[in-house]
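Trainee: What follows is the file structure-v7.txt, containing compact mmCIF, C-alpha atoms:
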```
# COMPACT_ATOMS: atom_id res chain seq x y z
CA MET A 1 55.58 -89.03 92.03
CA ASP A 2 57.23 -85.79 90.93
CA ARG A 3 58.18 -87.35 87.62
CA GLY A 4 54.62 -88.57 87.09
CA CYS A 5 53.14 -85.13 87.66
CA ARG A 6 55.64 -83.38 85.33
CA THR A 7 54.10 -84.80 82.10
CA PRO A 8 50.60 -83.34 82.54
CA VAL A 9 52.06 -80.00 83.45
CA ARG A 10 54.05 -79.95 80.19
CA ILE A 11 50.94 -80.79 78.18
CA VAL A 12 48.99 -78.03 79.84
CA GLY A 13 51.78 -75.59 79.01
CA ILE A 14 51.81 -76.53 75.34
CA ILE A 15 48.05 -76.13 75.09
CA GLY A 16 48.23 -72.72 76.72
CA ALA A 17 50.89 -71.58 74.29
CA LEU A 18 48.76 -72.63 71.35
CA VAL A 19 45.75 -70.78 72.71
CA LEU A 20 47.84 -67.62 73.18
CA ALA A 21 49.23 -67.81 69.65
CA SER A 22 45.73 -68.17 68.19
CA ALA A 23 44.61 -65.03 69.99
CA VAL A 24 47.55 -63.06 68.62
CA TRP A 25 46.85 -64.24 65.07
CA ALA A 26 43.20 -63.24 65.39
CA GLN A 27 44.20 -59.66 66.31
CA GLU A 28 46.42 -59.06 63.23
CA PRO A 29 44.75 -56.57 60.76
CA ALA A 30 43.33 -57.71 57.37
CA PRO A 31 45.47 -57.02 54.31
CA PRO A 32 45.00 -53.39 52.90
CA LEU A 33 42.40 -52.78 50.14
CA PRO A 34 43.37 -51.00 46.88
CA PRO A 35 42.95 -47.17 46.98
CA PRO A 36 39.55 -45.82 45.79
CA ARG A 37 39.19 -44.52 42.19
CA PRO A 38 39.77 -40.79 41.85
CA ASP A 39 36.74 -38.50 41.40
CA ARG A 40 38.07 -37.02 38.12
CA PRO A 41 40.35 -38.31 35.42
CA ALA A 42 43.98 -37.65 35.59
CA GLU A 43 45.24 -34.41 34.04
CA PRO A 44 46.23 -34.84 30.36
CA PRO A 45 49.89 -34.67 29.68
CA PRO A 46 51.14 -31.14 28.89
CA LEU A 47 51.38 -30.06 25.25
CA PRO A 48 54.84 -30.07 23.75
CA PRO A 49 56.57 -26.68 23.81
CA PRO A 50 56.41 -24.57 20.61
CA ARG A 51 59.08 -24.98 18.05
CA PRO A 52 61.99 -22.62 18.65
CA ASP A 53 61.81 -21.19 15.10
CA GLY A 54 58.25 -19.84 15.43
CA PRO A 55 54.66 -20.76 16.28
CA ALA A 56 53.34 -24.09 15.18
CA THR A 57 51.51 -24.04 11.87
CA PRO A 58 47.81 -24.87 12.38
CA GLU A 59 46.56 -27.96 10.69
CA PRO A 60 44.40 -27.26 7.62
CA SER A 61 40.67 -27.38 8.26
CA ALA A 62 38.65 -30.10 6.62
CA GLU A 63 36.08 -27.51 5.46
CA LYS A 64 37.16 -24.64 3.20
CA ALA A 65 35.99 -21.22 4.31
CA PRO A 66 33.43 -19.72 1.91
CA GLU A 67 34.89 -17.22 -0.53
CA THR A 68 33.55 -13.69 -0.25
CA GLU A 69 33.19 -11.35 -3.20
CA ALA A 70 35.15 -8.13 -3.26
CA PRO A 71 33.09 -4.93 -2.80
CA SER A 72 33.75 -3.92 -6.42
CA GLU A 73 32.40 -7.26 -7.65
CA GLN A 74 29.30 -6.90 -5.47
CA LYS A 75 28.66 -3.40 -6.85
CA ALA A 76 29.11 -4.61 -10.42
CA GLN A 77 26.67 -7.47 -9.84
CA ALA A 78 24.10 -5.15 -8.23
CA ARG A 79 24.43 -2.70 -11.13
CA SER A 80 23.99 -5.49 -13.67
CA GLU A 81 20.85 -6.71 -11.90
CA ALA A 82 19.44 -3.16 -11.80
CA ASP A 83 20.16 -2.71 -15.53
CA ASP A 84 18.41 -5.98 -16.38
CA ALA A 85 15.41 -5.01 -14.25
CA CYS A 86 15.14 -1.63 -16.02
CA LEU A 87 15.18 -3.25 -19.48
CA LYS A 88 12.51 -5.68 -18.35
CA ARG A 89 10.29 -2.80 -17.21
CA LEU A 90 10.66 -1.05 -20.58
CA THR A 91 9.50 -4.22 -22.32
CA GLU A 92 6.54 -4.57 -19.97
CA LEU A 93 5.58 -0.90 -20.51
CA GLY A 94 5.42 -1.46 -24.27
CA LEU A 95 8.32 0.69 -25.53
CA ARG A 96 9.94 -0.07 -28.85
CA PHE A 97 13.67 0.05 -28.26
CA GLU A 98 17.02 -1.60 -28.90
CA SER A 99 19.42 -2.38 -26.08
CA ARG A 100 22.89 -1.12 -27.02
CA PRO A 101 26.38 -1.88 -25.66
CA PRO A 102 27.74 0.52 -23.01
CA VAL A 103 28.95 3.83 -24.47
CA LYS A 104 32.47 5.08 -23.72
CA GLU A 105 33.62 8.22 -25.53
CA ASN A 106 36.40 10.20 -23.85
CA ASN A 107 34.88 11.08 -20.46
CA CYS A 108 31.33 10.55 -21.71
CA ALA A 109 29.60 7.26 -21.00
CA ILE A 110 26.26 5.45 -20.76
CA GLU A 111 26.21 2.25 -18.72
CA ASN A 112 22.85 0.88 -19.92
CA PRO A 113 21.95 2.64 -23.20
CA VAL A 114 18.80 2.06 -25.22
CA LEU A 115 17.82 3.39 -28.62
CA VAL A 116 14.14 4.33 -28.23
CA SER A 117 11.97 4.61 -31.34
CA ALA A 118 8.45 4.53 -29.86
CA LEU A 119 6.63 4.92 -26.54
CA PRO A 120 3.39 3.23 -25.45
CA ASN A 121 0.09 4.17 -27.09
CA GLY A 122 1.66 4.57 -30.51
CA VAL A 123 3.77 7.67 -29.74
CA THR A 124 6.77 7.72 -32.09
CA VAL A 125 10.07 9.21 -30.87
CA VAL A 126 11.47 11.43 -33.64
CA PRO A 127 14.28 10.91 -34.26
CA ALA A 128 14.96 7.58 -32.55
CA SER A 129 17.07 8.63 -29.58
CA LEU A 130 19.89 7.05 -27.58
CA MET A 131 19.52 7.46 -23.81
CA GLY A 132 20.06 5.69 -20.52
CA CYS A 133 17.40 3.17 -19.55
CA PRO A 134 16.20 5.21 -16.51
CA VAL A 135 15.56 8.24 -18.75
CA ALA A 136 13.51 6.11 -21.15
CA GLU A 137 11.44 4.88 -18.22
CA SER A 138 10.94 8.42 -16.89
CA ILE A 139 9.92 9.93 -20.25
CA THR A 140 7.38 7.10 -20.67
CA ARG A 141 5.87 7.88 -17.27
CA TRP A 142 5.67 11.60 -18.10
CA MET A 143 4.05 11.03 -21.49
CA SER A 144 1.52 8.47 -20.24
CA ASP A 145 0.57 10.13 -16.94
CA THR A 146 0.57 13.80 -17.97
CA VAL A 147 1.16 14.67 -21.62
CA ALA A 148 -1.46 12.37 -23.16
CA PRO A 149 -4.26 13.20 -20.67
CA GLU A 150 -3.56 16.94 -20.90
CA ALA A 151 -3.57 16.81 -24.71
CA GLU A 152 -7.02 15.22 -24.62
CA ARG A 153 -8.18 17.86 -22.17
CA GLN A 154 -6.88 20.89 -24.10
CA PHE A 155 -6.96 19.70 -27.71
CA GLN A 156 -9.25 16.66 -27.71
CA SER A 157 -6.47 14.86 -29.53
CA ALA A 158 -3.85 12.28 -28.57
CA PRO A 159 -0.14 12.91 -29.16
CA THR A 160 1.36 10.81 -31.94
CA LYS A 161 5.00 11.98 -31.95
CA LEU A 162 7.50 13.18 -29.37
CA LEU A 163 9.98 15.53 -31.06
CA ILE A 164 13.51 15.30 -29.58
CA GLY A 165 16.22 17.87 -30.17
CA THR A 166 19.14 16.31 -28.26
CA SER A 167 19.45 13.04 -26.36
CA TYR A 168 22.96 11.57 -25.95
CA GLN A 169 25.70 13.98 -26.98
CA CYS A 170 29.27 14.04 -25.67
CA ARG A 171 29.63 17.72 -24.76
CA ASP A 172 30.08 20.14 -21.89
CA GLN A 173 27.38 22.25 -20.33
CA ARG A 174 26.81 25.50 -22.17
CA ASN A 175 28.84 27.40 -19.56
CA GLY A 176 31.71 24.92 -19.94
CA ALA A 177 31.88 24.21 -16.19
CA LYS A 178 31.44 20.42 -16.46
CA LEU A 179 30.06 17.71 -18.68
CA SER A 180 26.41 18.01 -19.64
CA GLU A 181 23.93 15.36 -18.52
CA HIS A 182 23.53 14.66 -22.24
CA ALA A 183 27.06 13.25 -22.08
CA PHE A 184 25.80 10.43 -19.87
CA GLY A 185 22.56 9.72 -21.74
CA ASN A 186 20.89 11.22 -18.70
CA GLY A 187 18.97 14.09 -20.34
CA LEU A 188 16.60 14.94 -23.19
CA ASP A 189 15.63 18.15 -24.98
CA VAL A 190 11.94 18.02 -25.94
CA MET A 191 11.21 20.34 -28.87
CA GLY A 192 7.46 19.67 -29.27
CA PHE A 193 4.67 17.24 -30.12
CA GLU A 194 2.60 16.13 -33.06
CA PHE A 195 -1.06 15.19 -32.62
CA ALA A 196 -3.66 13.18 -34.44
CA LYS A 197 -6.18 16.01 -34.92
CA ARG A 198 -4.32 19.29 -34.69
CA PRO A 199 -1.13 21.01 -35.87
CA THR A 200 2.28 20.42 -34.31
CA LEU A 201 2.93 22.24 -31.05
CA THR A 202 6.47 23.49 -30.51
CA ILE A 203 7.83 24.51 -27.12
CA GLY A 204 8.15 28.29 -26.87
CA SER A 205 6.09 31.40 -26.21
CA HIS A 206 2.32 31.03 -26.57
CA GLU A 207 -0.54 33.42 -26.11
CA GLU A 208 -1.37 33.74 -22.44
CA ASN A 209 -4.31 31.60 -21.25
CA SER A 210 -4.48 29.84 -24.62
CA PRO A 211 -4.88 26.04 -24.72
CA GLU A 212 -1.27 25.82 -25.98
CA ALA A 213 0.08 27.92 -23.09
CA THR A 214 -1.96 25.96 -20.53
CA PHE A 215 -0.86 22.65 -22.02
CA GLN A 216 2.83 23.62 -21.98
CA SER A 217 2.68 25.00 -18.44
CA THR A 218 0.89 21.91 -17.09
CA ILE A 219 3.20 19.32 -18.62
CA ARG A 220 6.24 21.34 -17.54
CA LYS A 221 5.17 21.44 -13.89
CA ALA A 222 4.23 17.76 -13.95
CA ALA A 223 7.73 16.88 -15.15
CA CYS A 224 9.31 18.27 -11.96
CA PRO A 225 8.47 15.32 -9.64
CA ILE A 226 9.66 12.86 -12.30
CA PHE A 227 12.93 14.50 -13.41
CA ASN A 228 15.57 16.16 -11.24
CA THR A 229 16.09 19.07 -13.64
CA VAL A 230 13.39 20.83 -15.70
CA LEU A 231 14.35 23.93 -17.67
CA GLY A 232 12.25 25.67 -20.31
CA PRO A 233 11.21 29.04 -21.74
CA GLY A 234 11.82 31.83 -19.24
CA SER A 235 14.47 29.96 -17.22
CA ASP A 236 17.33 31.35 -19.35
CA SER A 237 18.08 32.26 -22.94
CA ASP A 238 19.42 28.78 -23.75
CA HIS A 239 16.11 27.03 -23.05
CA GLY A 240 13.64 29.32 -24.80
CA ASP A 241 12.60 26.79 -27.46
CA HIS A 242 12.63 23.44 -25.65
CA LEU A 243 12.18 21.62 -22.36
CA HIS A 244 15.39 20.22 -20.94
CA LEU A 245 14.69 17.17 -18.73
CA ASP A 246 17.38 15.19 -16.90
CA LEU A 247 17.99 12.89 -13.94
CA ARG A 248 21.10 14.53 -12.51
CA GLN A 249 21.74 13.45 -8.89
CA ARG A 250 22.44 16.24 -6.40
CA LYS A 251 23.14 16.32 -2.68
CA GLY A 252 20.02 16.06 -0.59
CA ASP A 253 17.94 15.11 -3.64
CA TYR A 254 17.89 18.79 -4.63
CA ARG A 255 15.86 19.49 -7.78
CA ILE A 256 15.74 22.38 -10.23
CA CYS A 257 12.36 23.23 -11.78
CA GLN A 258 12.34 26.44 -13.84
```
In structure tokens, write the structure found in this file.

Mentor:
Amino acid sequence: MDRGCRTPVRIVGIIGALVLASAVWAQEPAPPLPPPRPDRPAEPPPLPPPRPDGPATPEPSAEKAPETEAPSEQKAQARSEADDACLKRLTELGLRFESRPPVKENNCAIENPVLVSALPNGVTVVPASLMGCPVAESITRWMSDTVAPEAERQFQSAPTKLLIGTSYQCRDQRNGAKLSEHAFGNGLDVMGFEFAKRPTLTIGSHEENSPEATFQSTIRKAACPIFNTVLGPGSDSDHGDHLHLDLRQRKGDYRICQ
């Protein structure tokens, strides 16, 4: 009987062992998952150290930097444009003139010279005179705005000729201190005028309150806002027989009107 009961007991033991092993296997953890992706990319590898013989030469840029003009070239271009604009204005005003090459004579010079032979309204310049373009423009303004209207008012006659004593001349001022404005084509000496219906009027002393004296005084004063220097009879002994008109630049836009 003991031997017969031993077989079922062994079977029961084997079954129990299998049940226990299954429970152990069920409790083992699942295999690990791969780590999550990082929130930011990995740091780039460090740059190679600089060469021991000096800093690395930068690679050339695909685009070439724009070339800039030197200040002297910019000034020359601006001056050329201003000269061209002045010549254009003379043509539009109706002057008869010839554009001449720049003048260079010792220390005397004219950058934009013109040989003027006639002004608007049929006024001849006698003799034809070489001057800087700005002076030609200024003398035209003075003749058209003041001289012609005042001649009609005082003499009932239009001017036909502008008589010039000196325009360009390479010389010093009369006191020898520095170059004259004539040396730069920047000044004119007006000796007088011819008219259609009356005798020539020369700059000088005229009877007080006469039409000639009034005419000369009026055109002289009117020249002061146009030119930077106006000298005539009574200013000094050197200007007793003409009106000296020039465009000399002074500090603070100072003008001389005598």

Trainee: Taking 6 positions as the minimum chain separation for residues in the same chain, which residues sit within 10 Å of Gly192 in chain A when counting all atoms listed in the file? Answer as a tab-separated table (two decimals) with C-alpha atoms, keeping the file's coordinate frame.

Mentor:
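Result file is around.tsv:
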```tsv
chain	number	residue	atom	x	y	z
A	161	LYS	CA	5.00	11.98	-31.95
A	162	LEU	CA	7.50	13.18	-29.37
A	163	LEU	CA	9.98	15.53	-31.06
A	164	ILE	CA	13.51	15.30	-29.58
A	165	GLY	CA	16.22	17.87	-30.17
A	200	THR	CA	2.28	20.42	-34.31
A	201	LEU	CA	2.93	22.24	-31.05
A	202	THR	CA	6.47	23.49	-30.51
A	203	ILE	CA	7.83	24.51	-27.12
A	204	GLY	CA	8.15	28.29	-26.87
A	216	GLN	CA	2.83	23.62	-21.98
A	241	ASP	CA	12.60	26.79	-27.46
A	242	HIS	CA	12.63	23.44	-25.65
A	243	LEU	CA	12.18	21.62	-22.36
```

Trainee: Any chance you could work out the axis-aligned box around range 96-105 of chain A, listed atoms only, 3 Å on each side, giving centre and edge lengths in Å to one decimal, as JSON?

Mentor:
```
{"center_x": 21.8, "center_y": 2.9, "center_z": -26.0, "size_x": 29.7, "size_y": 16.6, "size_z": 11.9}
```

Trainee: CA of Gly185 in chain A to CA of Ala85 in chain A: how many Å, to one decimal?

Mentor: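 Separation between CA of Gly185 in chain A and CA of Ala85 in chain A: 18.0 Å.
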
Trainee: Need to verify the contact set: range 174-179 of chain A, 9 Å, all atoms listed in the file, exclusion of same-chain residues closer than 5 positions in sequence. Can you return it as a PyMOL selection string?

Mentor: chain A and resi 107-108+184+238

Trainee: Could you tell me how far CA of Gly122 in chain A lies from CA of Leu95 in chain A, in Å and to one decimal?

Mentor: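 Those two atoms sit 9.2 Å apart.
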
Trainee: Could you pull the residues within 12 Å of Pro159 in chain A, counting only C-alpha atoms, minus those fewer than 6 positions along the same chain, as a PyMOL selection string?

Mentor: chain A and resi 119-125+143-144+146-153+192-201

Trainee: For Phe215 in chain A, which residue among A:Ala76, A:Trp142, A:Asn112, A:Phe155 is the nearest when counting only C-alpha atoms?

Mentor: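 Nearest candidate to Phe215 in chain A out of A:Ala76, A:Trp142, A:Asn112, A:Phe155: A:Phe155.
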
Trainee: Give me, please, the distance in Å between CA of Cys170 in chain A and CA of Asp236 in chain A, quoted to one decimal.

Mentor: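 These atoms are spaced 22.0 Å apart.
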
Trainee: Which of these residues is nearest to Val190 in chain A, using only C-alpha atoms: A:Pro211, A:Gly252, A:Pro102, A:Gly232?

Mentor: A:Gly232

Trainee: Hey, which of A:Asp84, A:Glu137, A:Leu245, A:Ala213 ends up closest to Ser167 in chain A? Count only C-alpha atoms.

Mentor: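 Closest candidate: A:Leu245.
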
Trainee: Could you check which of A:Asn106, A:Glu111, A:Phe227, A:Ala128 is closest to Arg171 in chain A, using only C-alpha atoms?

Mentor: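 Nearest to Arg171 in chain A: A:Asn106.
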
Trainee: Point out the residue among A:Ser180, A:Gln154, A:Ser80, A:Ser72 with the least atom-to-atom distance to Thr214 in chain A, counting all atoms listed in the file.

Mentor: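 Nearest to Thr214 in chain A: A:Gln154.
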
Trainee: Just the residues within 12 Å of Asn228 in chain A, please, counting only C-alpha atoms, with nothing from its chain fewer than 2 positions along; format it as a PyMOL selection string.

Mentor: chain A and resi 135+138+181+186-187+221-226+230-231+244-258

Trainee: Between A:Ser237, A:Ser210, A:Ser117, A:Thr91, single out the one closest to Leu130 in chain A, counting only C-alpha atoms.

Mentor: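 Checking each of A:Ser237, A:Ser210, A:Ser117, A:Thr91 against Leu130 in chain A, counting only C-alpha atoms, the winner is A:Ser117.
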